[in-house]
Each structure stands twice: as structure tokens, then as C-alpha cells.
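Here is the file data.cif (mmCIF, C-alpha atoms).
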data_target
loop_
_atom_site.label_atom_id
_atom_site.label_comp_id
_atom_site.auth_asym_id
_atom_site.auth_seq_id
_atom_site.Cartn_x
_atom_site.Cartn_y
_atom_site.Cartn_z
CA MET Q 1 0.00 0.00 0.00
CA PRO Q 2 2.08 2.96 -1.19
CA ARG Q 3 1.54 6.27 0.58
CA GLU Q 4 1.09 9.53 -1.21
CA THR Q 5 1.48 12.97 0.31
CA ASP Q 6 -2.27 13.63 0.46
CA GLY Q 7 -3.53 10.10 1.16
CA VAL Q 8 -3.04 6.43 0.51
CA VAL Q 9 -3.61 4.23 -2.49
CA ILE Q 10 -5.10 0.79 -1.92
CA ALA Q 11 -4.61 -1.87 -4.58
CA GLY Q 12 -8.01 -2.56 -6.09
CA ARG Q 13 -9.53 -4.10 -9.16
CA PRO Q 14 -9.88 -2.98 -11.81
CA GLU Q 15 -7.85 0.03 -10.63
CA PRO Q 16 -6.27 1.35 -7.40
CA ILE Q 17 -8.46 3.26 -4.95
CA GLY Q 18 -7.23 6.59 -3.56
CA VAL Q 19 -8.21 7.51 0.01
CA PRO Q 20 -7.51 11.14 1.01
CA LEU Q 21 -6.25 11.65 4.56
CA ALA Q 22 -6.88 15.40 4.75
CA GLY Q 23 -4.12 15.88 7.33
CA ARG Q 24 -5.22 12.97 9.54
CA GLN Q 25 -2.81 10.31 10.75
CA LEU Q 26 -3.19 6.90 9.17
CA LEU Q 27 -3.47 4.02 11.62
CA GLY Q 28 -4.15 0.34 11.23
CA LEU Q 29 -6.53 -1.82 13.21
CA ILE Q 30 -6.39 -5.59 12.95
CA VAL Q 31 -9.35 -7.33 14.57
CA VAL Q 32 -9.21 -11.10 15.09
CA ARG Q 33 -11.91 -13.47 16.31
CA GLU Q 34 -10.25 -14.17 19.66
CA MET Q 35 -6.83 -14.23 21.25
CA PHE Q 36 -5.70 -16.37 24.14
CA ASP Q 37 -2.99 -15.47 26.62
CA HIS Q 38 -0.65 -18.23 25.44
CA ASP Q 39 -0.88 -16.91 21.85
CA GLN Q 40 -0.28 -13.22 22.58
CA VAL Q 41 3.41 -13.20 21.62
CA ALA Q 42 2.88 -15.27 18.46
CA ASN Q 43 -0.03 -13.05 17.41
CA SER Q 44 1.89 -9.87 18.14
CA GLU Q 45 5.15 -10.65 16.33
CA PRO Q 46 3.93 -10.33 12.71
CA VAL Q 47 1.95 -7.19 13.50
CA LEU Q 48 4.92 -5.52 15.19
CA ALA Q 49 7.09 -6.53 12.23
CA MET Q 50 4.57 -4.77 9.95
CA VAL Q 51 4.72 -1.70 12.21
CA ASP Q 52 8.50 -1.61 11.72
CA GLU Q 53 8.24 -2.14 7.98
CA LEU Q 54 5.48 0.42 7.31
CA GLN Q 55 6.42 2.89 10.07
CA LEU Q 56 2.72 3.23 10.96
CA PRO Q 57 0.83 2.57 14.18
CA ILE Q 58 -1.11 -0.68 13.85
CA MET Q 59 -3.23 -2.06 16.67
CA LEU Q 60 -4.17 -5.70 17.25
CA ILE Q 61 -7.33 -6.51 19.19
CA ASP Q 62 -9.87 -9.31 19.30
CA TYR Q 63 -13.64 -8.96 18.87
CA PRO Q 64 -14.40 -9.20 22.61
CA GLY Q 65 -11.75 -6.56 23.36
CA LEU Q 66 -13.07 -4.27 20.64
CA HIS Q 67 -16.58 -4.65 22.02
CA VAL Q 68 -15.48 -3.77 25.55
CA VAL Q 69 -13.45 -0.75 24.45
CA SER Q 70 -16.14 0.59 22.12
CA GLN Q 71 -18.89 0.17 24.75
CA ASN Q 72 -16.92 1.98 27.45
CA LEU Q 73 -15.13 4.68 25.46
CA ARG Q 74 -17.93 6.20 23.45
CA THR Q 75 -16.29 9.25 21.91
CA PRO Q 76 -13.90 9.02 18.97
CA ALA Q 77 -11.15 10.74 20.97
CA ARG Q 78 -11.38 8.33 23.92
CA PHE Q 79 -11.61 5.31 21.62
CA LEU Q 80 -8.56 6.36 19.58
CA ASN Q 81 -6.61 7.25 22.73
CA ALA Q 82 -7.28 3.75 24.09
CA LEU Q 83 -6.06 2.18 20.84
CA HIS Q 84 -2.91 4.30 20.96
CA ASP Q 85 -2.38 3.24 24.59
CA LEU Q 86 -2.60 -0.42 23.47
CA PHE Q 87 -0.09 0.34 20.72
CA ASP Q 88 2.32 2.07 23.11
CA MET Q 89 2.14 -0.91 25.49
CA ALA Q 90 2.84 -3.29 22.61
CA LEU Q 91 5.95 -1.34 21.60
CA GLU Q 92 7.14 -1.21 25.20
CA ARG Q 93 6.51 -4.89 26.00
CA GLY Q 94 6.97 -6.53 22.60
CA GLN Q 95 3.41 -7.84 22.52
CA PHE Q 96 -0.09 -6.47 22.40
CA PRO Q 97 -1.95 -6.58 25.72
CA ARG Q 98 -5.36 -8.15 26.14
CA SER Q 99 -7.90 -5.38 26.56
CA VAL Q 100 -9.72 -5.71 29.87
CA TRP Q 101 -12.19 -3.25 31.33
CA ASN Q 102 -12.86 -3.18 35.08
CA GLY Q 103 -14.42 0.24 35.52
CA PRO Q 104 -17.83 1.73 34.88
CA PRO Q 105 -18.69 3.09 31.42
CA LEU Q 106 -17.12 6.47 30.74
CA ASP Q 107 -19.43 9.19 29.51
CA GLY Q 108 -18.42 11.77 27.00
#
Please go through the file and, once you have read it, give me the structure as C-alpha cells.
Amino acid sequence: MPRETDGVVIAGRPEPIGVPLAGRQLLGLIVVREMFDHDQVANSEPVLAMVDELQLPIMLIDYPGLHVVSQNLRTPARFLNALHDLFDMALERGQFPRSVWNGPPLDG
């Protein structure tokens, strides 16, 4: 997926599709059916390798984790901040954390 200065181009058929970014940061989100604790490192390694190769933030989360995060962080800013926190933890620890929510829903 080559990047252009004003957006990205996604390989498509019959021709590539241009997506303008309009000054926004591009980030990736990979959602998998489910992840288990004993698979966290193995699941994280190829995603972190892609982060290094593309030099873009890419988050890895499973459907239950996405559900919990989206139900409790209901504004785009809070949701994106949570994803970036997951990404920062993955870079720091070498694996993506499991998303767990123990608090009440956050308004806003």
C-alpha cells in the first residue's frame, strides 16, 4: 500500500483506490476473532514486524476486546486514545496486551 502525500492508495480491481487523509494520521486496526494469553506473543510478532516495515501505528485486538473498548469509550477521541495506549504498550513490551475493562462506562 504505497503512501502519497495527500492520502493512501489501496490496490483494487480494476484500478487502485485513492483515500484522502486530509491531514489525519493513518493508523491500522487488525481485529481477530479471539486471542488467548498463550498466543499473545505469536499473534503480536507479525503485526509488530509490519509496524516496523510500514512505520505506521497498527493495533491488534480481538472482537471481545473491541466490544469492551467501544462500549466503554464512546467518543472518537477516547476510543482512539485507548487504541494508541494499546499500541504504546505493545511497543514497550513486545506484545499487544489483552484489553480488559474493570471500571464503569465512561461518559463523554
**Message:** Need the shell around His84 (chain Q): protein/DNA/RNA residues with any atom at most 12 Å away, counting only C-alpha atoms. Skip same-chain ones fewer than 2 positions apart. Format as a PyMOL selection string?
**Reply:** chain Q and resi 25+27-29+56-61+77-82+86-91+96-97
**Message:** Just to confirm, what's the straight-line distance from CA of Glu53 (chain Q) to CA of Ala22 (chain Q) in Å (one decimal)?
**Reply:** 23.4 Å
**Message:** At a cut-off of 12 Å, using all atoms listed in the file, what residues contact region 37-39 of chain Q? Leave out same-chain residues fewer than 4 positions from it and give the result as a list of chain:residue names.
**Reply:**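 Neighbouring residues, sequence-local ones excluded: Q:Asn43, Q:Ser44, Q:Glu45, Q:Asp62, Q:Gln95, Q:Phe96, Q:Pro97, Q:Arg98, Q:Ser99.
Minimum atom-to-atom distances from Q:Arg93, Q:Gly23, Q:Ala11, Q:Leu83 to Leu66 (chain Q) were compared using all atoms listed in the file, and the lowest value belongs to Q:Leu83.
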**Fill in**
Atom pair CA of Val41 (chain Q) + CA of Leu26 (chain Q), distance 24.5 Å
**Request:** Would you work out the distance separating CA of Gly94 (chain Q) from CA of Ala49 (chain Q), expressed in Å to one decimal?
**Result:**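 Going from CA of Gly94 (chain Q) over to CA of Ala49 (chain Q), I get 10.4 Å.
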**Fill in**
Residue with the minimum atom-to-atom distance to Leu21 (chain Q), picked from Q:Arg33, Q:Pro76, Q:Val8, Q:Gln71 with only C-alpha atoms counted, is Q:Val8
**Item:** Among the residues Q:Gln40, Q:Val32, Q:Asp85, Q:Met50, the one that comes closest to His67 (chain Q) [using all atoms listed in the file]
**Value:** Q:Val32
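Minimum atom-to-atom distance to Val51 (chain Q), evaluated using all atoms listed in the file, belongs to Q:Ile30 out of Q:Ile30, Q:Val19, Q:Leu73, Q:Val9.
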**Asked** Nearest to Arg24 (chain Q) among Q:Val68, Q:Gly7, Q:Asp52, Q:Thr75, with distances taken over all atoms listed in the file: which residue is it?
**Response**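 Of all the options, Q:Gly7 lies closest to Arg24 (chain Q).
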